[in-house]
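> Got a file for you: target_36.cif, mmCIF, C-alpha atoms.
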```
data_final
loop_
_atom_site.label_atom_id
_atom_site.label_comp_id
_atom_site.auth_asym_id
_atom_site.auth_seq_id
_atom_site.Cartn_x
_atom_site.Cartn_y
_atom_site.Cartn_z
CA MET A 496 83.15 94.93 -10.93
CA THR A 497 86.61 96.44 -10.44
CA TYR A 498 87.92 99.79 -9.49
CA GLY A 499 91.30 101.43 -9.46
CA GLY A 500 93.39 102.02 -6.43
CA ASP A 501 95.83 104.77 -5.58
CA ASP A 502 98.61 102.76 -7.07
CA GLY A 503 96.72 102.36 -10.32
CA ARG A 504 96.07 98.62 -9.94
CA ARG A 505 92.75 97.01 -10.39
CA ARG A 506 91.32 95.51 -7.27
CA MET A 507 88.38 93.28 -6.40
CA PRO A 508 85.70 94.74 -4.22
CA PRO A 509 85.97 93.62 -0.60
CA ARG A 510 83.88 90.55 0.42
CA PRO A 511 81.18 90.97 2.97
CA PRO A 512 82.00 89.43 6.34
CA GLN A 513 81.06 85.66 6.65
CA PRO A 514 79.81 84.03 9.83
CA PRO A 515 82.28 81.69 11.44
CA ALA A 516 81.89 78.05 10.26
CA ARG A 517 80.78 75.40 12.67
CA PRO A 518 83.11 72.60 13.31
CA ARG A 519 82.13 69.45 11.20
CA GLN A 520 80.63 66.67 13.18
CA GLN A 521 81.16 63.06 12.18
CA GLN A 522 78.05 60.88 11.45
CA ARG A 523 77.50 58.26 14.02
CA ALA A 524 77.91 54.71 12.71
CA GLN A 525 74.78 52.59 12.51
CA MET A 526 75.00 48.94 13.53
CA MET A 527 73.07 46.28 11.52
CA PRO A 528 70.58 44.45 13.72
CA LEU A 529 71.36 40.95 14.71
CA PRO A 530 68.85 38.27 13.74
CA GLY A 531 65.92 38.17 16.12
CA ARG A 532 66.84 41.53 17.79
CA GLY A 533 64.00 43.62 16.29
CA GLN A 534 63.70 45.98 13.35
CA SER A 535 66.51 48.02 11.85
CA PRO A 536 66.27 51.82 11.42
CA TYR A 537 66.70 51.23 7.71
CA ASP A 538 63.58 49.12 7.43
CA ALA A 539 61.36 52.12 6.91
CA ARG A 540 63.72 53.65 4.31
CA THR A 541 64.55 50.63 2.24
CA ARG A 542 62.42 48.77 -0.27
CA PRO A 543 62.72 45.23 -1.57
CA MET A 544 64.84 44.65 -4.59
CA GLY A 545 63.08 44.75 -7.90
CA ALA A 546 61.76 47.20 -10.38
CA ARG A 547 61.45 50.85 -9.41
CA GLY A 548 58.08 52.02 -8.28
CA GLU A 549 57.09 48.79 -6.57
CA ALA A 550 54.95 49.24 -3.52
CA PRO A 551 56.28 48.09 -0.19
CA PRO A 552 55.05 44.69 0.97
CA PRO A 553 51.79 44.63 2.99
CA PRO A 554 52.03 44.27 6.73
CA PRO A 555 52.29 40.67 7.95
CA GLY A 556 48.93 38.87 8.31
CA PRO A 557 47.35 35.42 7.96
CA PRO A 558 48.71 33.48 4.97
CA ARG A 559 46.67 33.79 1.84
CA GLN A 560 44.94 30.62 0.67
CA ASP A 561 44.48 30.40 -3.04
CA PRO A 562 41.39 28.49 -4.24
CA PRO A 563 42.15 25.14 -5.88
CA GLU A 564 42.35 25.13 -9.61
CA TYR A 565 40.34 22.71 -11.73
CA GLY A 566 41.50 22.79 -15.29
CA GLY A 567 42.42 26.44 -14.95
CA GLN A 568 38.90 27.45 -13.90
CA GLN A 569 37.63 28.61 -10.58
CA PRO A 570 35.24 26.02 -8.95
CA ARG A 571 31.58 26.87 -8.93
CA PRO A 572 29.95 27.48 -5.58
CA ARG A 573 28.50 24.28 -4.12
CA ARG A 574 24.79 24.03 -4.75
CA ARG A 575 22.41 22.72 -2.15
CA ARG A 576 21.43 19.12 -2.92
CA ARG A 577 17.74 18.69 -3.71
CA TRP A 578 15.71 15.45 -3.71
CA SER A 579 14.01 14.97 -7.05
CA VAL A 580 10.90 12.86 -7.54
CA GLY A 581 12.98 10.20 -9.27
CA LYS A 582 15.38 9.89 -6.33
CA ILE A 583 12.51 9.65 -3.85
CA LEU A 584 10.83 6.91 -5.87
CA LEU A 585 14.12 5.03 -6.23
CA THR A 586 14.72 5.22 -2.48
CA LEU A 587 11.22 3.94 -1.74
CA LEU A 588 11.73 1.11 -4.23
CA ILE A 589 15.00 0.07 -2.57
CA VAL A 590 13.37 0.12 0.88
CA PHE A 591 10.46 -1.95 -0.42
CA VAL A 592 12.76 -4.53 -2.03
CA LEU A 593 14.80 -4.85 1.16
CA PHE A 594 11.63 -5.26 3.24
CA VAL A 595 10.24 -7.96 0.94
CA GLY A 596 13.59 -9.73 1.00
CA ALA A 597 13.67 -9.68 4.79
CA VAL A 598 10.12 -11.07 5.03
CA TRP A 599 10.95 -13.72 2.43
CA ALA A 600 14.05 -14.84 4.34
CA TYR A 601 12.15 -14.88 7.64
CA LEU A 602 9.46 -17.19 6.26
CA GLU A 603 11.95 -19.37 4.40
CA PHE A 604 13.84 -20.21 7.57
CA SER A 605 10.91 -20.17 10.03
CA ILE A 606 8.27 -22.42 8.43
CA ASN A 607 8.16 -25.97 9.78
CA ARG A 608 9.53 -28.70 7.52
CA VAL A 609 8.79 -32.41 7.23
CA ASP A 610 10.10 -35.14 4.95
CA ALA A 611 6.83 -35.87 3.14
CA ILE A 612 7.76 -36.54 -0.48
CA GLY A 613 10.20 -39.29 -1.45
CA ASP A 614 10.96 -41.73 -4.22
CA TYR A 615 9.91 -45.36 -4.09
CA ALA A 616 9.43 -48.25 -6.49
CA GLY A 617 6.39 -47.78 -8.73
CA ARG A 618 6.00 -44.05 -8.09
CA PRO A 619 3.92 -42.26 -10.82
CA ALA A 620 5.92 -40.39 -13.42
CA ALA A 621 5.85 -36.61 -13.59
CA ALA A 622 3.24 -35.17 -15.94
CA SER A 623 2.06 -31.71 -17.01
CA GLY A 624 1.46 -29.05 -14.37
CA THR A 625 2.27 -29.01 -10.68
CA ASN A 626 0.42 -30.89 -7.94
CA TRP A 627 0.10 -29.91 -4.27
CA LEU A 628 -1.25 -32.15 -1.53
CA ILE A 629 -2.93 -29.87 1.03
CA VAL A 630 -3.72 -31.43 4.40
CA GLY A 631 -5.67 -30.12 7.36
CA SER A 632 -4.65 -32.22 10.34
CA ASP A 633 -6.46 -32.55 13.65
CA SER A 634 -3.17 -32.15 15.50
CA ARG A 635 -3.63 -30.41 18.83
CA GLU A 636 0.06 -29.78 19.31
CA GLY A 637 0.67 -26.48 21.05
CA LEU A 638 -2.93 -26.16 22.27
CA THR A 639 -3.71 -25.85 25.94
CA ALA A 640 -6.78 -27.43 27.52
CA GLU A 641 -8.45 -24.02 27.40
CA ASP A 642 -7.65 -23.70 23.69
CA GLU A 643 -9.12 -27.12 22.94
CA GLU A 644 -12.28 -26.23 24.80
CA ARG A 645 -12.57 -22.83 23.12
CA LEU A 646 -12.01 -24.27 19.63
CA ALA A 647 -14.28 -27.27 20.28
CA THR A 648 -11.69 -29.68 18.88
CA GLY A 649 -13.39 -32.70 20.44
CA ASP A 650 -11.99 -35.48 22.60
CA LYS A 651 -8.42 -36.36 21.69
CA GLY A 652 -8.92 -39.98 22.76
CA GLU A 653 -11.89 -40.46 20.44
CA ALA A 654 -9.86 -39.16 17.51
CA GLY A 655 -7.84 -42.37 17.57
CA GLY A 656 -4.46 -40.71 17.03
CA GLN A 657 -3.45 -38.00 14.59
CA ARG A 658 -5.77 -37.92 11.60
CA THR A 659 -6.77 -35.49 8.91
CA ASP A 660 -10.20 -34.06 8.18
CA THR A 661 -9.07 -32.29 5.01
CA MET A 662 -7.20 -33.65 1.98
CA MET A 663 -7.08 -31.73 -1.28
CA ILE A 664 -5.07 -31.87 -4.48
CA ALA A 665 -4.37 -28.47 -5.99
CA HIS A 666 -3.37 -28.78 -9.64
CA LEU A 667 -1.62 -25.77 -11.21
CA PRO A 668 -1.42 -26.18 -15.01
CA ASP A 669 1.46 -25.07 -17.21
CA ASN A 670 -0.92 -23.53 -19.75
CA SER A 671 -3.96 -21.24 -19.65
CA THR A 672 -6.28 -23.96 -18.33
CA LYS A 673 -7.93 -23.08 -15.03
CA PRO A 674 -6.34 -24.52 -11.88
CA THR A 675 -8.22 -27.32 -10.15
CA LEU A 676 -8.87 -27.87 -6.44
CA LEU A 677 -9.92 -31.49 -5.88
CA SER A 678 -11.23 -32.74 -2.51
CA LEU A 679 -10.57 -36.30 -1.37
CA PRO A 680 -13.34 -37.45 1.03
CA ARG A 681 -11.72 -38.64 4.22
CA ASP A 682 -13.76 -41.88 4.29
CA SER A 683 -12.64 -42.95 0.81
CA GLN A 684 -11.61 -46.61 0.78
CA VAL A 685 -8.16 -47.00 -0.80
CA LYS A 686 -5.15 -49.26 -0.56
CA ILE A 687 -2.61 -48.08 1.99
CA PRO A 688 0.88 -49.44 1.20
CA GLY A 689 1.76 -52.06 3.80
CA HIS A 690 -1.61 -51.81 5.58
CA GLY A 691 -4.23 -53.15 3.17
CA THR A 692 -7.44 -51.29 2.33
CA SER A 693 -8.75 -48.66 4.72
CA LYS A 694 -10.03 -45.09 4.89
CA ILE A 695 -7.63 -42.73 3.22
CA ASN A 696 -7.18 -40.55 6.28
CA ALA A 697 -5.92 -43.59 8.23
CA ALA A 698 -2.68 -43.40 6.23
CA PHE A 699 -1.83 -40.18 8.05
CA ALA A 700 -2.34 -41.83 11.43
CA LEU A 701 -0.36 -44.93 10.44
CA GLY A 702 2.65 -43.38 8.76
CA GLY A 703 2.41 -39.62 8.84
CA PRO A 704 2.77 -37.31 5.85
CA LYS A 705 5.12 -39.59 3.92
CA LEU A 706 2.73 -42.57 3.91
CA LEU A 707 -0.22 -40.28 3.11
CA VAL A 708 1.57 -38.84 0.07
CA GLN A 709 2.43 -42.32 -1.18
CA THR A 710 -1.16 -43.50 -0.64
CA VAL A 711 -2.60 -40.56 -2.59
CA GLU A 712 -0.11 -41.02 -5.44
CA GLN A 713 -0.89 -44.72 -5.74
CA ALA A 714 -4.65 -44.18 -5.61
CA THR A 715 -4.77 -41.33 -8.14
CA GLY A 716 -1.77 -41.98 -10.38
CA LEU A 717 -0.78 -38.31 -9.89
CA ARG A 718 2.72 -37.41 -8.78
CA MET A 719 2.76 -34.96 -5.87
CA ASP A 720 5.31 -32.15 -6.22
CA HIS A 721 4.64 -30.20 -3.01
CA TYR A 722 3.11 -30.74 0.42
CA ALA A 723 1.42 -28.29 2.81
CA GLU A 724 -0.16 -29.06 6.19
CA ILE A 725 -1.96 -26.93 8.75
CA GLY A 726 -3.30 -27.98 12.16
CA PHE A 727 -6.29 -26.93 14.25
CA GLY A 728 -4.52 -24.29 16.29
CA GLY A 729 -2.58 -22.84 13.36
CA PHE A 730 -5.71 -22.52 11.25
CA ALA A 731 -7.57 -20.60 13.96
CA LYS A 732 -4.56 -18.34 14.65
CA ILE A 733 -4.24 -17.33 11.01
CA VAL A 734 -7.94 -16.43 10.84
CA ASP A 735 -7.74 -14.40 14.05
CA ALA A 736 -4.49 -12.74 12.91
CA ILE A 737 -6.24 -11.04 9.99
CA GLY A 738 -9.26 -10.10 12.08
CA GLY A 739 -11.56 -12.83 10.77
CA VAL A 740 -12.76 -13.90 7.33
CA ASP A 741 -15.84 -12.50 5.60
CA MET A 742 -18.29 -15.24 4.62
CA CYS A 743 -21.91 -15.44 3.50
CA ILE A 744 -23.68 -18.41 5.10
CA ASP A 745 -26.76 -19.75 3.29
CA LYS A 746 -28.39 -21.55 6.25
CA ASP A 747 -28.13 -21.62 10.02
CA MET A 748 -25.43 -24.09 11.04
CA ASN A 749 -25.70 -25.75 14.43
CA ASP A 750 -23.47 -28.73 15.12
CA PRO A 751 -24.55 -30.69 18.22
CA MET A 752 -21.23 -32.58 18.21
CA THR A 753 -19.09 -29.49 18.71
CA GLY A 754 -21.59 -26.90 19.91
CA ILE A 755 -20.69 -24.53 17.08
CA ASP A 756 -23.63 -22.28 16.15
CA ILE A 757 -23.34 -20.08 13.04
CA LYS A 758 -26.27 -17.96 11.89
CA ALA A 759 -27.20 -17.47 8.25
CA GLY A 760 -26.14 -14.26 6.54
CA CYS A 761 -22.98 -12.40 5.59
CA GLN A 762 -20.66 -12.08 8.56
CA GLN A 763 -17.10 -12.25 9.77
CA LEU A 764 -15.99 -15.63 11.12
CA ASP A 765 -13.33 -15.66 13.82
CA GLY A 766 -10.93 -18.54 14.33
CA ARG A 767 -13.32 -20.65 16.42
CA SER A 768 -16.30 -20.22 14.08
CA ALA A 769 -14.16 -20.77 10.98
CA LEU A 770 -12.78 -24.02 12.36
CA GLY A 771 -16.31 -25.19 13.14
CA PHE A 772 -17.50 -24.20 9.67
CA VAL A 773 -14.88 -26.28 7.79
CA ARG A 774 -15.33 -29.31 10.09
CA MET A 775 -19.12 -29.36 10.42
CA ARG A 776 -20.98 -32.37 8.94
CA HIS A 777 -23.66 -33.30 11.52
CA ALA A 778 -25.84 -30.20 11.11
CA GLU A 779 -29.12 -29.88 9.24
CA ALA A 780 -27.28 -27.50 6.91
CA THR A 781 -24.95 -30.36 5.88
CA PRO A 782 -27.34 -33.17 4.82
CA ARG A 783 -24.68 -34.78 2.60
CA SER A 784 -22.33 -35.05 5.55
CA ASP A 785 -18.74 -35.26 4.26
CA LEU A 786 -19.65 -34.02 0.79
CA ASP A 787 -21.07 -30.80 2.21
CA ARG A 788 -18.10 -30.46 4.51
CA VAL A 789 -15.50 -30.63 1.71
CA ALA A 790 -17.55 -28.17 -0.34
CA ASN A 791 -17.53 -25.73 2.60
CA GLN A 792 -13.79 -26.25 3.00
CA ARG A 793 -13.09 -25.23 -0.60
CA LYS A 794 -15.41 -22.23 -0.22
CA PHE A 795 -13.65 -21.07 2.92
CA ILE A 796 -10.16 -21.57 1.48
CA GLY A 797 -11.11 -19.31 -1.44
CA ALA A 798 -12.31 -16.56 0.91
CA LEU A 799 -9.28 -16.94 3.19
CA VAL A 800 -6.67 -16.81 0.42
CA SER A 801 -8.38 -13.83 -1.23
CA GLN A 802 -8.44 -11.90 2.04
CA VAL A 803 -4.85 -12.76 2.99
CA ALA A 804 -3.55 -11.66 -0.43
CA SER A 805 -5.64 -8.47 -0.56
CA PRO A 806 -4.00 -5.01 -0.24
CA GLY A 807 -6.19 -4.36 2.79
CA THR A 808 -4.31 -7.11 4.65
CA LEU A 809 -0.80 -6.76 3.19
CA LEU A 810 -0.70 -2.97 3.64
CA ASN A 811 -2.29 -2.93 7.07
CA PRO A 812 0.42 -3.45 9.72
CA PHE A 813 -2.20 -4.47 12.30
CA ASP A 814 -3.11 -7.44 10.07
CA PHE A 815 0.14 -8.13 8.25
CA PHE A 816 2.52 -8.48 11.19
CA PRO A 817 0.23 -10.74 13.27
CA LEU A 818 -0.21 -12.87 10.14
CA LEU A 819 3.53 -12.93 9.63
CA GLY A 820 4.04 -14.02 13.21
CA SER A 821 1.45 -16.81 13.16
CA ALA A 822 2.15 -18.32 9.71
CA PRO A 823 5.46 -20.10 10.46
CA ASP A 824 4.04 -22.05 13.42
CA ALA A 825 0.78 -22.82 11.65
CA LEU A 826 2.20 -24.18 8.40
CA THR A 827 4.31 -27.25 7.62
CA MET A 828 5.87 -27.89 4.21
CA ASP A 829 8.05 -30.55 2.62
CA THR A 830 11.80 -30.17 3.03
CA GLY A 831 12.13 -29.47 -0.68
CA ASP A 832 9.51 -26.71 -0.77
CA HIS A 833 10.22 -22.98 -0.64
CA VAL A 834 8.32 -19.76 -0.06
CA HIS A 835 8.10 -18.95 -3.78
CA ASN A 836 6.32 -22.29 -4.31
CA LEU A 837 3.79 -21.35 -1.64
CA ALA A 838 3.33 -17.90 -3.19
CA GLY A 839 2.53 -19.50 -6.54
CA LEU A 840 -0.11 -21.69 -4.89
CA ALA A 841 -1.71 -18.71 -3.14
CA ILE A 842 -1.87 -16.68 -6.35
CA ALA A 843 -3.53 -19.56 -8.21
CA MET A 844 -6.07 -20.25 -5.46
CA ARG A 845 -7.23 -16.63 -5.32
CA GLY A 846 -9.52 -17.41 -8.24
CA ILE A 847 -11.72 -19.78 -6.21
CA SER A 848 -14.13 -17.05 -5.15
CA SER A 849 -14.32 -15.59 -8.70
CA ASP A 850 -14.83 -18.87 -10.57
CA GLY A 851 -11.24 -18.79 -11.76
CA VAL A 852 -10.57 -22.24 -10.27
CA THR A 853 -12.38 -25.51 -10.99
CA THR A 854 -13.48 -26.90 -7.62
CA THR A 855 -14.73 -30.46 -7.36
CA THR A 856 -14.87 -33.62 -5.27
CA MET A 857 -13.75 -37.06 -6.32
CA PRO A 858 -16.50 -38.78 -8.35
CA ILE A 859 -18.20 -41.27 -6.02
CA THR A 860 -20.74 -44.07 -6.35
CA ASP A 861 -23.02 -43.13 -3.42
CA GLY A 862 -23.61 -40.63 -0.66
CA SER A 863 -21.31 -42.39 1.79
CA ALA A 864 -18.34 -41.09 -0.24
CA GLN A 865 -16.44 -44.31 0.43
CA HIS A 866 -16.02 -45.57 -3.13
CA TRP A 867 -14.84 -43.68 -6.21
CA ASP A 868 -16.48 -44.01 -9.61
CA LYS A 869 -13.68 -45.68 -11.57
CA LYS A 870 -14.61 -44.45 -15.07
CA LYS A 871 -15.21 -40.85 -14.04
CA SER A 872 -12.13 -40.87 -11.82
CA ALA A 873 -9.98 -42.05 -14.75
CA ARG A 874 -11.26 -39.17 -16.92
CA LEU A 875 -10.58 -36.72 -14.13
CA PHE A 876 -7.02 -37.90 -13.61
CA ASP A 877 -6.31 -37.86 -17.36
CA ALA A 878 -7.45 -34.23 -17.55
CA LEU A 879 -5.11 -33.26 -14.73
CA LYS A 880 -2.15 -35.16 -16.18
CA ASN A 881 -2.55 -33.48 -19.57
CA ASP A 882 -3.47 -29.96 -18.38
CA THR A 883 -6.90 -30.05 -20.03
CA GLU A 884 -10.24 -28.82 -18.72
CA VAL A 885 -12.01 -31.13 -16.30
CA PRO A 886 -15.16 -32.43 -18.04
CA LYS A 887 -18.18 -30.64 -16.64
CA ASP A 888 -20.24 -33.83 -16.32
CA ILE A 889 -17.84 -35.18 -13.68
CA VAL A 890 -17.55 -31.99 -11.62
CA LEU A 891 -19.10 -32.60 -8.20
CA ASN A 892 -19.69 -29.69 -5.82
#
```
Show me the file's structure as structure tokens.

Amino acid sequence: MTYGGDDGRRRMPPRPPQPPARPRQQQRAQMMPLPGRGQSPYDARTRPMGARGEAPPPPPGPPRQDPPEYGGQQPRPRRRRRWSVGKILLTLLIVFVLFVGAVWAYLEFSINRVDAIGDYAGRPAAASGTNWLIVGSDSREGLTAEDEERLATGDKGEAGGQRTDTMMIAHLPDNSTKPTLLSLPRDSQVKIPGHGTSKINAAFALGGPKLLVQTVEQATGLRMDHYAEIGFGGFAKIVDAIGGVDMCIDKDMNDPMTGIDIKAGCQQLDGRSALGFVRMRHAEATPRSDLDRVANQRKFIGALVSQVASPGTLLNPFDFFPLLGSAPDALTMDTGDHVHNLAGLAIAMRGISSDGVTTTTMPITDGSAQHWDKKKSARLFDALKNDTEVPKDIVLN
């Protein structure tokens, strides 16, 4: 807007009065912080380089740990391990196998050994099946005077040295024929190599197990493959270890020679009574003397083996471990024998009590049991050599 003045010129309207301007102050210079001297005033006003709109970094904290990658996938959460029925059974099987292996090794290295079987000129050739010579010796080794009195073993001086009351041949066939347990009467007259003719049990006293094996082989024509021997004390300890053996006695048995008295009836025989039962031959219940004794021996062996191999004994620690502890000291085998051979014998002999084993005594000519019937003996030995059934007309019980 303009207006005219007195002189006719156009003039601008006067400006309103302005407040006086303040003097300009200079901005103080800001120093950049030195490393390690703290934060800079610009920290709160600056942002990291990058695209616009990015959020400021989070405050410092513990380093982030990224989960490991497996093929580009996140790992599944670890599940709690559960024992299935299959794993439990497998574990039990492994424990059982290890236990059986430990027992096997213990017996293998603990059982007594003796050099009983050896080669010699004229030894019978091997035939069908497997033959064991089982010997029950009257050895009192390891027995105290109290033990001898308790077991009624008799006078050691009258025994005339180490002899054997029990000699048996156990034949295990290679086919389905029944096994055979053959008793050799101890008074049988045979030729003893280097000693002429004498009772067969004298061979044990004259030359020990090795001469006895050779004598039996020469007399029977059967080749012995294995040897097992058990003494008085060991026999009684095994019976006591399993808590006794169940037997049914037909008649009262009272032996005046040993003082053993066993009543008729089904009962449990302890070690002392069992030893008296298998040795007794002077009682009224044993009119055939040695023939009755060997028959009782086979009967008792069948009951003993069946009870030892039963689940009630093997699964009962109060029977099994005492048996395991007494067996190595009680038993003696040939140096070439092993535990698996003994196990095979025990399995075969379990059939004695169930008529699964043919039990017999050597065919003899009279009640003295000193002389063998040659014709019947030859038929018996042929049956064993060829794994055929023993003819029933020569079976003597």
> Can you measure CA of Val595 in chain A to CA of Ala838 in chain A for me? One decimal in Å is fine.
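Separating CA of Val595 in chain A from CA of Ala838 in chain A is a distance of 12.8 Å.
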> Applying 9 Å and only C-alpha atoms, which residues near range 805-817 of chain A remain after dropping the ones on its own chain fewer than 3 positions away? List them as an NGL selection string.
:A and (733 or 735-738 or 800-802 or 820-822)
> CA of Asp660 in chain A and CA of Ser632 in chain A are how many Å apart?
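It comes out at 6.2 Å.
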> In Å, rounded to a single decimal, give me how far CA of Leu628 in chain A is from CA of Val834 in chain A.
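For CA of Val834 in chain A relative to CA of Leu628 in chain A, the distance reads 15.7 Å.
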> If we count only C-alpha atoms, what is near Asn881 in chain A at a cut-off of 12 Å, once residues fewer than 3 positions away on the same chain are taken out, given as a PyMOL selection string?
chain A and resi 621-625+666-670+672+717+874-878+884-885
> Can you pull out the residues contacting range 673-685 of chain A? Cut-off 9 Å, using all atoms listed in the file, and skip same-chain residues under 6 positions away; I want them as number ranges by chain.
A: 659-667, 691-697, 710-711, 714, 785-786, 789-790, 792-793, 843-844, 846-847, 851-857, 859, 863-867, 879, 882-885
> Counting only C-alpha atoms, which of A:Asp633, A:Asp747, A:Asp850, A:Asp756 gets nearest to Ala700 in chain A?
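Residue with the minimum atom-to-atom distance to Ala700 in chain A: A:Asp633.
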> In the coordinate frame of the file, compute which residues have an atom within 7 Å of (6.1, -27.1, 7.0) when using only C-alpha atoms, and state them as a list in words.
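I get Ile606, Asn607, Arg608, Val609, Ala723, Glu724, Leu826, Thr827, Met828 and Asp829 of chain A for the residues within 7 Å of that point.
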> Under the rule that all atoms listed in the file are counted, which of A:Gly596, A:Pro619, A:Pro886, A:Gly631 is the nearest residue to Arg774 in chain A?
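So, comparing all the options, the nearest one is A:Gly631.
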> Under the rule that all atoms listed in the file are counted, which of A:Ile757, A:Val773, A:Leu837, A:Ala825 is the nearest residue to Ser605 in chain A?
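Distance minimum relative to Ser605 in chain A lands on A:Ala825.
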> Which polymer residues, whether protein, DNA or RNA, lie within 10 Å of the coordinate (-24.7, -28.0, 16.1) when you count only C-alpha atoms? List them as a ChimeraX atom specification, using the chain letters and numbers from the file.
/A:747-757,771,775-780
> Which residues, written as a PyMOL selection string, have at least one atom at most 9 Å from Trp599 in chain A, with only C-alpha atoms counted and residues fewer than 5 positions away on the same chain left out?
chain A and resi 594+604+834-835
